[in-house]
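Next comes structure_13.txt, a file with compact mmCIF, C-alpha atoms.
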# COMPACT_ATOMS: atom_id res chain seq x y z
CA MET A 1060 0.00 0.00 0.00
CA ARG A 1061 2.92 2.36 0.58
CA SER A 1062 3.72 2.21 -3.13
CA ILE A 1063 0.30 3.57 -4.04
CA LEU A 1064 0.65 6.09 -1.23
CA LEU A 1065 3.93 7.37 -2.66
CA THR A 1066 2.84 7.42 -6.29
CA HIS A 1067 -0.46 9.17 -5.63
CA ALA A 1068 1.24 11.62 -3.31
CA VAL A 1069 3.75 12.58 -6.01
CA VAL A 1070 0.96 13.29 -8.45
CA SER A 1071 -1.41 14.97 -6.04
CA LEU A 1072 1.21 17.14 -4.41
CA MET A 1073 2.75 18.19 -7.72
CA VAL A 1074 -0.52 18.81 -9.41
CA GLY A 1075 -2.68 19.93 -6.53
CA GLY A 1076 -5.94 19.61 -8.40
CA SER A 1077 -7.01 22.49 -10.59
CA ASP A 1078 -4.56 24.79 -8.81
CA ALA A 1079 -1.62 23.63 -10.83
CA PHE A 1080 -0.59 22.09 -14.12
CA VAL A 1081 -2.63 22.48 -17.26
CA PRO A 1082 -2.83 20.63 -20.58
CA SER A 1083 -0.61 20.50 -23.63
CA ARG A 1084 -1.20 20.02 -27.31
CA ALA A 1085 0.36 16.60 -27.03
CA PHE A 1086 -2.75 15.32 -25.29
CA SER A 1087 -5.39 17.89 -26.20
CA GLN A 1088 -5.35 19.43 -29.65
CA GLY A 1089 -7.50 22.51 -29.87
CA ARG A 1090 -10.99 23.17 -28.51
CA VAL A 1091 -14.02 20.95 -28.97
CA GLY A 1092 -17.24 22.65 -29.97
CA SER A 1093 -17.62 26.41 -29.76
CA LEU A 1094 -18.01 29.04 -27.10
CA SER A 1095 -21.49 30.36 -26.59
CA GLN A 1096 -21.72 34.08 -25.96
CA LYS A 1097 -24.97 33.88 -23.99
CA ARG A 1098 -25.66 32.05 -20.78
CA LEU A 1099 -28.19 29.31 -21.33
CA SER A 1100 -31.40 29.85 -19.40
CA SER A 1101 -31.79 26.14 -18.66
CA PRO A 1102 -28.74 23.86 -18.52
CA ARG A 1103 -30.98 20.86 -19.19
CA LYS A 1104 -32.02 21.90 -22.68
CA PHE A 1105 -29.30 21.74 -25.29
CA PRO A 1106 -29.43 20.98 -29.01
CA GLN A 1107 -28.25 17.55 -30.03
CA VAL A 1108 -24.98 17.85 -31.90
CA VAL A 1109 -22.18 15.57 -33.06
CA VAL A 1110 -18.77 16.65 -31.82
CA ARG A 1111 -15.66 15.08 -33.28
CA SER A 1112 -12.93 14.47 -30.77
CA THR A 1113 -9.27 15.09 -31.50
CA ASP A 1114 -8.86 11.40 -30.77
CA PRO A 1115 -9.43 9.75 -34.19
CA THR A 1116 -10.83 6.57 -32.61
CA ILE A 1117 -13.83 8.19 -30.99
CA GLU A 1118 -16.84 10.21 -32.03
CA LEU A 1119 -18.67 11.89 -29.17
CA VAL A 1120 -22.42 11.96 -29.65
CA GLU A 1121 -23.94 14.30 -27.08
CA ASN A 1122 -27.29 15.64 -26.00
CA ILE A 1123 -25.48 18.88 -25.31
CA GLU A 1124 -23.05 21.02 -27.20
CA LEU A 1125 -19.57 20.72 -25.77
CA ILE A 1126 -18.11 24.04 -24.77
CA GLY A 1127 -14.88 22.93 -23.12
CA ASP A 1128 -11.97 20.74 -24.14
CA ASP A 1129 -11.79 16.99 -24.79
CA SER A 1130 -9.93 15.38 -21.90
CA ALA A 1131 -6.98 13.05 -22.42
CA ALA A 1132 -7.23 13.02 -26.22
CA PHE A 1133 -4.02 11.64 -27.67
CA ALA A 1134 -3.08 11.00 -31.29
CA LEU A 1135 0.28 9.34 -31.85
CA GLU A 1136 0.60 10.67 -35.40
CA LYS A 1137 0.44 14.24 -34.10
CA GLN A 1138 3.37 13.80 -31.73
CA SER A 1139 6.74 15.37 -32.46
CA LEU A 1140 9.85 13.32 -31.69
CA GLU A 1141 11.79 16.55 -31.28
CA ASP A 1142 9.36 17.76 -28.61
CA TRP A 1143 9.67 14.55 -26.63
CA ILE A 1144 13.46 14.65 -26.84
CA LYS A 1145 13.33 18.19 -25.47
CA PHE A 1146 10.95 17.02 -22.76
CA SER A 1147 13.26 14.20 -21.69
CA ALA A 1148 16.29 16.47 -21.64
CA ALA A 1149 14.56 19.30 -19.76
CA THR A 1150 12.94 17.00 -17.22
CA GLY A 1151 16.17 15.12 -16.62
CA PHE A 1152 18.15 18.33 -16.15
CA VAL A 1153 15.64 19.78 -13.68
CA LEU A 1154 15.37 16.57 -11.65
CA ILE A 1155 19.14 16.06 -11.48
CA SER A 1156 19.71 19.71 -10.53
CA LEU A 1157 17.05 19.69 -7.82
CA SER A 1158 18.28 16.35 -6.48
CA TYR A 1159 21.79 17.75 -6.15
CA LEU A 1160 20.67 20.98 -4.49
CA TRP A 1161 18.05 19.40 -2.23
CA PHE A 1162 18.84 15.79 -1.40
CA LEU A 1163 22.19 14.34 -2.56
CA PRO A 1164 25.02 14.01 0.02
CA MET A 1165 27.51 15.95 -2.13
CA GLY A 1166 25.12 18.89 -2.56
CA PRO A 1167 24.31 21.89 -0.33
CA HIS A 1168 21.55 19.96 1.52
CA TRP A 1169 18.75 22.49 1.03
CA GLY A 1170 16.29 19.74 1.91
CA ASP A 1171 17.91 19.27 5.32
CA THR A 1172 17.78 23.02 5.82
CA PHE A 1173 14.07 23.05 4.95
CA LEU A 1174 13.32 20.28 7.44
CA GLU A 1175 15.45 21.79 10.20
CA THR A 1176 14.00 25.27 9.68
CA THR A 1177 10.47 23.89 9.79
CA GLN A 1178 11.07 21.97 13.01
CA SER A 1179 12.90 24.84 14.71
CA THR A 1180 10.06 27.20 13.79
CA ILE A 1181 7.35 24.97 15.30
CA GLY A 1182 9.63 24.07 18.23
CA THR A 1183 9.33 20.29 17.99
CA THR A 1184 10.49 17.27 16.00
CA ASP A 1185 7.18 15.45 16.49
CA PRO A 1186 6.42 13.70 13.17
CA ALA A 1187 2.72 14.62 13.09
CA LEU A 1188 3.36 18.32 13.69
CA THR A 1189 6.32 18.27 11.33
CA ILE A 1190 4.42 16.80 8.38
CA PHE A 1191 1.47 19.09 9.11
CA SER A 1192 3.77 22.11 8.92
CA MET A 1193 5.69 20.91 5.86
CA LEU A 1194 2.51 20.26 3.92
CA THR A 1195 1.10 23.63 4.98
CA ILE A 1196 4.18 25.37 3.61
CA PHE A 1197 3.85 23.42 0.40
CA ALA A 1198 0.14 24.26 0.09
CA VAL A 1199 0.73 28.00 0.57
CA CYS A 1200 3.56 28.07 -1.99
CA HIS A 1201 1.75 25.83 -4.47
CA SER A 1202 -1.62 27.56 -4.47
CA GLY A 1203 -0.04 30.97 -3.99
CA LEU A 1204 2.05 30.65 -7.13
CA ALA A 1205 -0.97 29.27 -9.01
CA GLY A 1206 -2.99 32.30 -7.96
CA LEU A 1207 -0.25 34.69 -9.10
CA ARG A 1208 0.03 32.98 -12.47
CA PRO A 1209 -2.24 35.28 -14.55
CA TYR A 1210 -0.31 38.33 -13.38
CA ALA A 1211 3.18 36.83 -13.42
CA GLU A 1212 2.81 35.41 -16.95
CA GLU A 1213 2.26 38.91 -18.28
CA ILE A 1214 5.66 39.89 -16.90
CA VAL A 1215 7.92 36.86 -17.36
CA GLY A 1216 5.90 34.72 -19.79
CA ALA A 1217 4.04 31.44 -19.39
CA ARG A 1218 7.05 29.15 -19.84
CA ALA A 1219 9.31 30.98 -17.37
CA TRP A 1220 6.57 31.01 -14.75
CA ARG A 1221 5.96 27.29 -15.24
CA VAL A 1222 9.67 26.58 -14.65
CA LEU A 1223 9.65 28.70 -11.48
CA PHE A 1224 6.48 26.99 -10.31
CA ALA A 1225 8.03 23.55 -10.81
CA CYS A 1226 11.33 24.48 -9.14
CA VAL A 1227 9.44 25.54 -6.02
CA SER A 1228 6.77 22.83 -5.95
CA LEU A 1229 8.85 19.76 -6.83
CA PRO A 1230 11.43 19.85 -4.01
CA LEU A 1231 8.82 20.80 -1.41
CA ALA A 1232 6.53 18.00 -2.59
CA LEU A 1233 9.27 15.37 -2.61
CA SER A 1234 10.41 16.48 0.84
CA CYS A 1235 6.90 16.02 2.22
CA ILE A 1236 6.52 12.65 0.53
CA SER A 1237 9.88 11.34 1.73
CA TYR A 1238 9.30 12.46 5.31
CA PHE A 1239 5.80 10.97 5.36
CA VAL A 1240 6.94 7.61 3.97
CA ASN A 1241 9.63 7.43 6.66
CA HIS A 1242 7.33 8.43 9.52
CA SER A 1243 3.84 7.30 8.53
CA HIS A 1244 3.89 4.55 11.18
CA ASP A 1245 5.34 6.71 13.95
CA GLY A 1246 3.39 7.46 17.10
CA PRO A 1247 0.73 5.46 18.91
CA ARG A 1248 -1.68 3.50 16.77
CA LEU A 1249 -5.07 4.96 17.58
CA TRP A 1250 -6.87 2.05 15.96
CA ASP A 1251 -5.89 -1.12 14.15
CA VAL A 1252 -7.98 -2.59 11.35
CA THR A 1253 -5.14 -4.46 9.65
CA GLY A 1254 -6.50 -7.76 10.90
CA VAL A 1255 -9.98 -7.26 9.48
CA PRO A 1256 -10.44 -9.65 6.53
CA GLY A 1257 -10.85 -7.96 3.17
CA LEU A 1258 -10.01 -4.41 4.28
CA HIS A 1259 -6.52 -4.37 2.77
CA GLY A 1260 -7.94 -5.30 -0.60
CA LEU A 1261 -10.73 -2.75 -0.27
CA PHE A 1262 -8.31 0.05 0.59
CA TRP A 1263 -5.96 -1.00 -2.21
CA ILE A 1264 -8.81 -0.83 -4.74
CA THR A 1265 -9.88 2.54 -3.34
CA ASN A 1266 -6.38 3.90 -3.82
CA PHE A 1267 -6.13 2.42 -7.29
CA ILE A 1268 -9.41 4.05 -8.33
CA SER A 1269 -8.26 7.35 -6.86
CA PHE A 1270 -5.64 7.51 -9.61
CA ILE A 1271 -8.40 7.52 -12.21
CA PHE A 1272 -9.61 10.74 -10.60
CA LEU A 1273 -6.55 12.61 -11.77
CA TYR A 1274 -7.22 16.06 -13.16
CA PRO A 1275 -6.85 15.85 -16.97
CA SER A 1276 -4.05 18.43 -16.85
CA THR A 1277 -1.87 15.75 -15.28
CA PHE A 1278 -1.61 13.99 -18.64
CA ASN A 1279 -0.20 16.94 -20.58
CA LEU A 1280 3.47 16.44 -20.02
CA LEU A 1281 4.78 18.78 -22.72
CA GLU A 1282 3.10 21.77 -21.14
CA ILE A 1283 4.03 20.69 -17.63
CA ALA A 1284 7.67 20.81 -18.75
CA ALA A 1285 7.05 24.10 -20.62
CA ILE A 1286 8.09 22.56 -23.95
CA GLU A 1287 4.78 23.87 -25.23
CA LYS A 1288 3.28 27.07 -23.95
CA PRO A 1289 1.17 26.33 -20.84
CA GLN A 1290 -2.50 27.14 -21.12
CA LEU A 1291 -5.46 27.01 -18.79
CA HIS A 1292 -7.97 24.79 -20.55
CA LEU A 1293 -11.61 24.25 -19.72
CA TRP A 1294 -12.07 20.48 -19.51
CA GLU A 1295 -15.48 18.93 -20.05
CA THR A 1296 -15.27 15.27 -21.09
CA GLY A 1297 -13.93 12.14 -19.44
CA ILE A 1298 -13.64 12.23 -15.66
CA ILE A 1299 -14.99 15.80 -15.59
CA ARG A 1300 -18.45 14.45 -16.42
CA ILE A 1301 -18.37 12.57 -13.11
CA THR A 1302 -16.90 15.38 -11.03
CA ARG A 1303 -15.61 18.82 -11.91
CA HIS A 1304 -12.86 18.43 -9.31
CA PRO A 1305 -11.49 14.91 -9.77
CA GLN A 1306 -8.14 15.64 -8.14
CA ALA A 1307 -9.85 16.67 -4.90
CA VAL A 1308 -12.14 13.64 -4.96
CA GLY A 1309 -9.20 11.30 -5.60
CA GLN A 1310 -7.18 12.90 -2.83
CA ILE A 1311 -10.04 12.50 -0.35
CA MET A 1312 -10.33 8.82 -1.31
CA TRP A 1313 -6.58 8.37 -0.92
CA CYS A 1314 -6.45 10.09 2.46
CA GLY A 1315 -9.46 8.23 3.78
CA ALA A 1316 -8.07 4.84 2.84
CA HIS A 1317 -4.57 5.45 4.15
CA THR A 1318 -5.65 7.10 7.38
CA ALA A 1319 -8.08 4.26 8.10
CA TRP A 1320 -5.36 1.68 7.42
CA LEU A 1321 -2.48 3.36 9.27
CA GLY A 1322 -4.39 4.81 12.25
CA THR A 1323 -1.47 7.00 13.35
CA PRO A 1324 -1.27 10.71 14.29
CA THR A 1325 1.14 11.25 11.39
CA ALA A 1326 -1.38 9.90 8.90
CA ILE A 1327 -4.17 11.99 10.40
CA ALA A 1328 -2.05 15.15 10.30
CA ALA A 1329 -0.97 14.63 6.69
CA SER A 1330 -4.45 13.77 5.49
CA SER A 1331 -5.95 16.78 7.25
CA VAL A 1332 -3.73 19.22 5.37
CA LEU A 1333 -4.10 17.42 2.05
CA VAL A 1334 -7.89 17.36 2.25
CA LEU A 1335 -8.13 21.00 3.34
CA HIS A 1336 -5.75 22.04 0.56
CA HIS A 1337 -7.77 20.23 -2.07
CA VAL A 1338 -11.08 21.55 -0.76
CA TYR A 1339 -9.61 25.03 -1.09
CA SER A 1340 -8.37 24.16 -4.58
CA MET A 1341 -11.95 23.50 -5.69
CA TRP A 1342 -12.89 27.11 -4.95
CA HIS A 1343 -9.55 28.40 -6.20
CA GLY A 1344 -9.71 26.39 -9.42
CA ASP A 1345 -13.26 27.51 -10.19
CA ARG A 1346 -12.27 31.12 -9.57
CA ARG A 1347 -9.33 30.91 -11.95
CA LEU A 1348 -11.39 29.19 -14.65
CA LYS A 1349 -14.08 31.84 -14.26
CA MET A 1350 -11.46 34.58 -14.69
CA LYS A 1351 -10.06 32.90 -17.79
CA HIS A 1352 -13.17 31.56 -19.56
CA GLY A 1353 -16.01 33.67 -18.19
CA GLU A 1354 -19.44 32.65 -19.44
CA ALA A 1355 -18.16 29.41 -20.96
CA PHE A 1356 -17.07 28.23 -17.52
CA GLU A 1357 -20.47 29.14 -16.05
CA GLN A 1358 -22.15 26.91 -18.62
CA VAL A 1359 -19.80 24.00 -17.94
CA LYS A 1360 -20.26 24.51 -14.20
CA ALA A 1361 -24.04 24.38 -14.63
CA ARG A 1362 -23.90 20.85 -16.03
CA THR A 1363 -21.16 19.42 -13.82
CA SER A 1364 -20.75 18.95 -10.08
CA TRP A 1365 -17.96 18.53 -7.57
CA VAL A 1366 -19.87 15.72 -5.82
CA PRO A 1367 -19.26 12.62 -7.96
CA PHE A 1368 -22.21 11.64 -10.19
CA ALA A 1369 -24.50 14.36 -8.75
CA ALA A 1370 -24.94 16.17 -12.08
CA ILE A 1371 -25.57 12.85 -13.83
CA LEU A 1372 -28.20 11.74 -11.34
CA ASP A 1373 -30.14 15.01 -11.44
CA GLY A 1374 -30.08 15.15 -15.24
CA ARG A 1375 -27.78 18.10 -15.79
CA GLN A 1376 -25.09 15.88 -17.32
CA GLN A 1377 -26.07 13.59 -20.21
CA LEU A 1378 -23.58 10.78 -20.80
CA PRO A 1379 -23.08 9.59 -24.37
CA GLU A 1380 -23.78 5.92 -25.03
CA ASP A 1381 -20.10 5.25 -25.70
CA TYR A 1382 -18.88 7.21 -22.68
CA TYR A 1383 -16.46 4.45 -21.74
CA LYS A 1384 -14.42 5.29 -24.85
CA GLU A 1385 -13.41 8.57 -23.27
CA PHE A 1386 -11.28 6.50 -20.88
CA LEU A 1387 -9.85 4.09 -23.48
CA ARG A 1388 -7.01 6.44 -24.29
CA GLY A 1389 -3.26 6.40 -23.94
CA PRO A 1390 -2.97 8.61 -20.85
CA TYR A 1391 -5.35 6.45 -18.83
CA LEU A 1392 -3.55 3.29 -19.92
CA LEU A 1393 -0.33 4.87 -18.61
CA VAL A 1394 -2.03 5.67 -15.31
CA VAL A 1395 -3.13 2.06 -14.89
CA GLY A 1396 0.26 0.70 -15.92
CA GLY A 1397 2.16 3.16 -13.75
CA THR A 1398 0.05 2.43 -10.69
CA THR A 1399 0.51 -1.30 -11.12
CA ALA A 1400 4.27 -0.91 -11.63
CA ALA A 1401 4.54 1.28 -8.53
CA TYR A 1402 2.95 -1.42 -6.42
CA PHE A 1403 5.74 -3.84 -7.32
CA ALA A 1404 8.44 -1.14 -7.05
CA HIS A 1405 7.52 -0.12 -3.51
CA PRO A 1406 10.67 -1.56 -1.85
CA PHE A 1407 12.81 0.74 -4.00
CA MET A 1408 10.63 3.75 -3.16
CA GLN A 1409 10.89 3.07 0.55
CA ALA A 1410 14.64 2.56 0.30
CA GLY A 1411 15.03 5.84 -1.58
CA ALA A 1412 13.12 7.76 1.09
CA ALA A 1413 15.13 6.07 3.84
CA LEU A 1414 18.41 7.27 2.31
CA LEU A 1415 17.61 10.81 3.44
CA LYS A 1416 17.75 9.66 7.09
CA TRP A 1417 15.03 12.15 7.98
Show the structure stored in the file as structure tokens.
Amino acid sequence: MRSILLTHAVVSLMVGGSDAFVPSRAFSQGRVGSLSQKRLSSPRKFPQVVVRSTDPTIELVENIELIGDDSAAFALEKQSLEDWIKFSAATGFVLISLSYLWFLPMGPHWGDTFLETTQSTIGTTDPALTIFSMLTIFAVCHSGLAGLRPYAEEIVGARAWRVLFACVSLPLALSCISYFVNHSHDGPRLWDVTGVPGLHGLFWITNFISFIFLYPSTFNLLEIAAIEKPQLHLWETGIIRITRHPQAVGQIMWCGAHTAWLGTPTAIAASSVLVLHHVYSMWHGDRRLKMKHGEAFEQVKARTSWVPFAAILDGRQQLPEDYYKEFLRGPYLLVVGGTTAAYFAHPFMQAGAALLKW
């Protein structure tokens, strides 16, 4: 279970729901449908239209006209080898540089300084209070930089701001993850359900499903690495039909399962900050989308919900008959494969975190 904990934490902390990374052309080519200039008086009444996805294997037949973007669309023939070489080089350089500056023994040990400064500020080395404080610092920096994005991009440009955002978020996120993995079992166990038959499997499945609730922006690697110009897209298909804030829903599932399984103060402290941060990100993300897309966002909001399946059950969201095809795409296959691989790689993840001796 720790492997799923670590993998989901990397994604959720780096992405932070709709507060953070946004999609690239590599996974979402252009807009689907058109923007309406007038707010619809009733979100339940839309003309039936046929919208062609950027994914050549799927045709979306809707009862409503799509206003936003097609989530997780990926066409191999539209990929540029040069872009992916640049992505590999840029990502490798950033990760190696940050590892040297933050973690590696031969570097300046900025990660140790971050941990020591945090603990000296709160006046204790208690693991629960430490992870609570570390995650709070991360949340303020992460959402704060996301909120400044519209203004900062006008000064330094979208790509430069993305690089700055990543250079701040990545080391803080990895520090929180490493510390939590090392200390998740510390402290008194307030309850113990590990002996209850079937619960381990139930929690494992819950965590696995939580990965499916990744915000579509997570899939757009070329924009995350600033190889392509980052944009703030208005997603509408795929997981967004189920919930407008999938990252928050997935994080709540993840936190609930791990806290119930671990039963320690450290797990409770970490989950508390993560859930609060993602609840805030729902408001923050909606606000930013409203600023960017205006009336188009209001129309998408009217036929979606943050509570999973609520808009579907009350009739505001009409699923196409072949809705399942919106998940049969490359990015989701990578999510499933990556989650499965992480489960078997968990000894290496734990060993890597232990090397920090935090």
task: Would you list the contacts of Ala1413 (chain A) as a PyMOL selection string, taking every protein, DNA or RNA residue within 12 Å and counting all atoms listed in the file, but skipping same-chain residues closer than 4 positions in sequence?
output: chain A and resi 1162+1234+1236-1242+1406-1409+1417
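CA of Arg1208 (chain A) sits 18.0 Å away from CA of His1336 (chain A).
Counting all atoms listed in the file, the residue from A:Trp1263, A:Trp1365, A:Phe1278, A:Phe1403 that sits nearest to Val1308 (chain A) is A:Trp1365.
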- request: Can you work out which one of A:Ala1328, A:Ile1196, A:Ile1283, A:Ile1298 has the shortest atom-to-atom distance to Gly1246 (chain A), counting only C-alpha atoms?
  value: A:Ala1328
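Proximity to Gly1309 (chain A) at 6 Å, evaluated using all atoms listed in the file and with sequence-adjacent residues fewer than 4 positions away removed, yields A:Ser1269, A:Phe1272, A:Pro1305.
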Exercise: residues within 9 Å of coordinate (-16.6, 18.2, -12.4), counting all atoms listed in the file, as JSON, numbers by chain: {"A": [1294, 1295, 1298, 1299, 1300, 1301, 1302, 1303, 1304, 1305, 1359, 1360, 1362, 1363, 1364, 1365, 1366, 1367, 1368, 1370]}
Non-local contacts of Ile1311 (chain A) (12 Å; only C-alpha atoms; under 2 positions in same chain excluded) as a CSV table (one decimal) with C-alpha atoms, keeping the file's coordinate frame:
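Writing the result to out_37.csv gives the following:
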chain,number,residue,atom,x,y,z
A,1067,HIS,CA,-0.5,9.2,-5.6
A,1068,ALA,CA,1.2,11.6,-3.3
A,1071,SER,CA,-1.4,15.0,-6.0
A,1076,GLY,CA,-5.9,19.6,-8.4
A,1265,THR,CA,-9.9,2.5,-3.3
A,1266,ASN,CA,-6.4,3.9,-3.8
A,1268,ILE,CA,-9.4,4.0,-8.3
A,1269,SER,CA,-8.3,7.4,-6.9
A,1270,PHE,CA,-5.6,7.5,-9.6
A,1272,PHE,CA,-9.6,10.7,-10.6
A,1273,LEU,CA,-6.6,12.6,-11.8
A,1304,HIS,CA,-12.9,18.4,-9.3
A,1305,PRO,CA,-11.5,14.9,-9.8
A,1306,GLN,CA,-8.1,15.6,-8.1
A,1307,ALA,CA,-9.8,16.7,-4.9
A,1308,VAL,CA,-12.1,13.6,-5.0
A,1309,GLY,CA,-9.2,11.3,-5.6
A,1313,TRP,CA,-6.6,8.4,-0.9
A,1314,CYS,CA,-6.4,10.1,2.5
A,1315,GLY,CA,-9.5,8.2,3.8
A,1316,ALA,CA,-8.1,4.8,2.8
A,1317,HIS,CA,-4.6,5.4,4.2
A,1318,THR,CA,-5.6,7.1,7.4
A,1319,ALA,CA,-8.1,4.3,8.1
A,1329,ALA,CA,-1.0,14.6,6.7
A,1330,SER,CA,-4.4,13.8,5.5
A,1331,SER,CA,-6.0,16.8,7.2
A,1332,VAL,CA,-3.7,19.2,5.4
A,1333,LEU,CA,-4.1,17.4,2.0
A,1334,VAL,CA,-7.9,17.4,2.2
A,1335,LEU,CA,-8.1,21.0,3.3
A,1336,HIS,CA,-5.8,22.0,0.6
A,1337,HIS,CA,-7.8,20.2,-2.1
A,1338,VAL,CA,-11.1,21.6,-0.8
A,1366,VAL,CA,-19.9,15.7,-5.8
A,1367,PRO,CA,-19.3,12.6,-8.0
message: Report, in Å with one decimal, the straight-line distance from CA of Asp1128 (chain A) to CA of Ala1217 (chain A).
response: 19.8 Å
Show me a table, sorted first by chain and then by increasing residue number, of the residues of region 1175-1279 of chain A having an atom at most 9 Å from region 1129-1136 of chain A, each with its shortest atom pair and the distance in Å to one decimal, counting all atoms listed in the file and written as JSON lines.
{"residue": "A:Pro1275", "atom": "CA", "partner": "A:Ser1130", "partner_atom": "CA", "distance": 5.8}
{"residue": "A:Ser1276", "atom": "CA", "partner": "A:Ala1131", "partner_atom": "CA", "distance": 8.3}
{"residue": "A:Phe1278", "atom": "CA", "partner": "A:Ala1131", "partner_atom": "CA", "distance": 6.6}
{"residue": "A:Asn1279", "atom": "CA", "partner": "A:Ala1131", "partner_atom": "CA", "distance": 8.0}
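Using all atoms listed in the file for every distance, the candidate list A:Leu1415, A:Leu1321, A:Ala1369, A:Ile1286 yields A:Ile1286 as the residue closest to Ala1148 (chain A).
Closest approach to Ile1271 (chain A) from the set A:Ser1192, A:Ser1139, A:Thr1398, A:Thr1323 is made by A:Thr1398, with distances taken over only C-alpha atoms.
The space between CA of Leu1249 (chain A) and CA of Gly1322 (chain A) spans 5.4 Å.
Proximity of A:Leu1229, A:Ala1326, A:Thr1277, A:Val1199 to Arg1248 (chain A), computed with only C-alpha atoms, is greatest for A:Ala1326.
In terms of minimum interatomic distance to Lys1384 (chain A), A:Thr1296 ranks closest within A:Trp1320, A:Ser1156, A:Phe1146, A:Thr1296, counting all atoms listed in the file.
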- request: Show which residues sit within 10 Å of Gly1206 (chain A), as JSON, numbers by chain. Count only C-alpha atoms, and ignore same-chain residues fewer than 4 positions away.
  value: {"A": [1078, 1079, 1200, 1201, 1202, 1210, 1211, 1343, 1344, 1346, 1347]}
Starting from 3 Å padding per side, set up an axis-aligned box that covers all listed atoms of region 1185-1194 of chain A and hand over centre and edge lengths in Å, one decimal, as JSON.
{"center_x": 4.3, "center_y": 17.9, "center_z": 10.2, "size_x": 11.7, "size_y": 14.4, "size_z": 18.6}
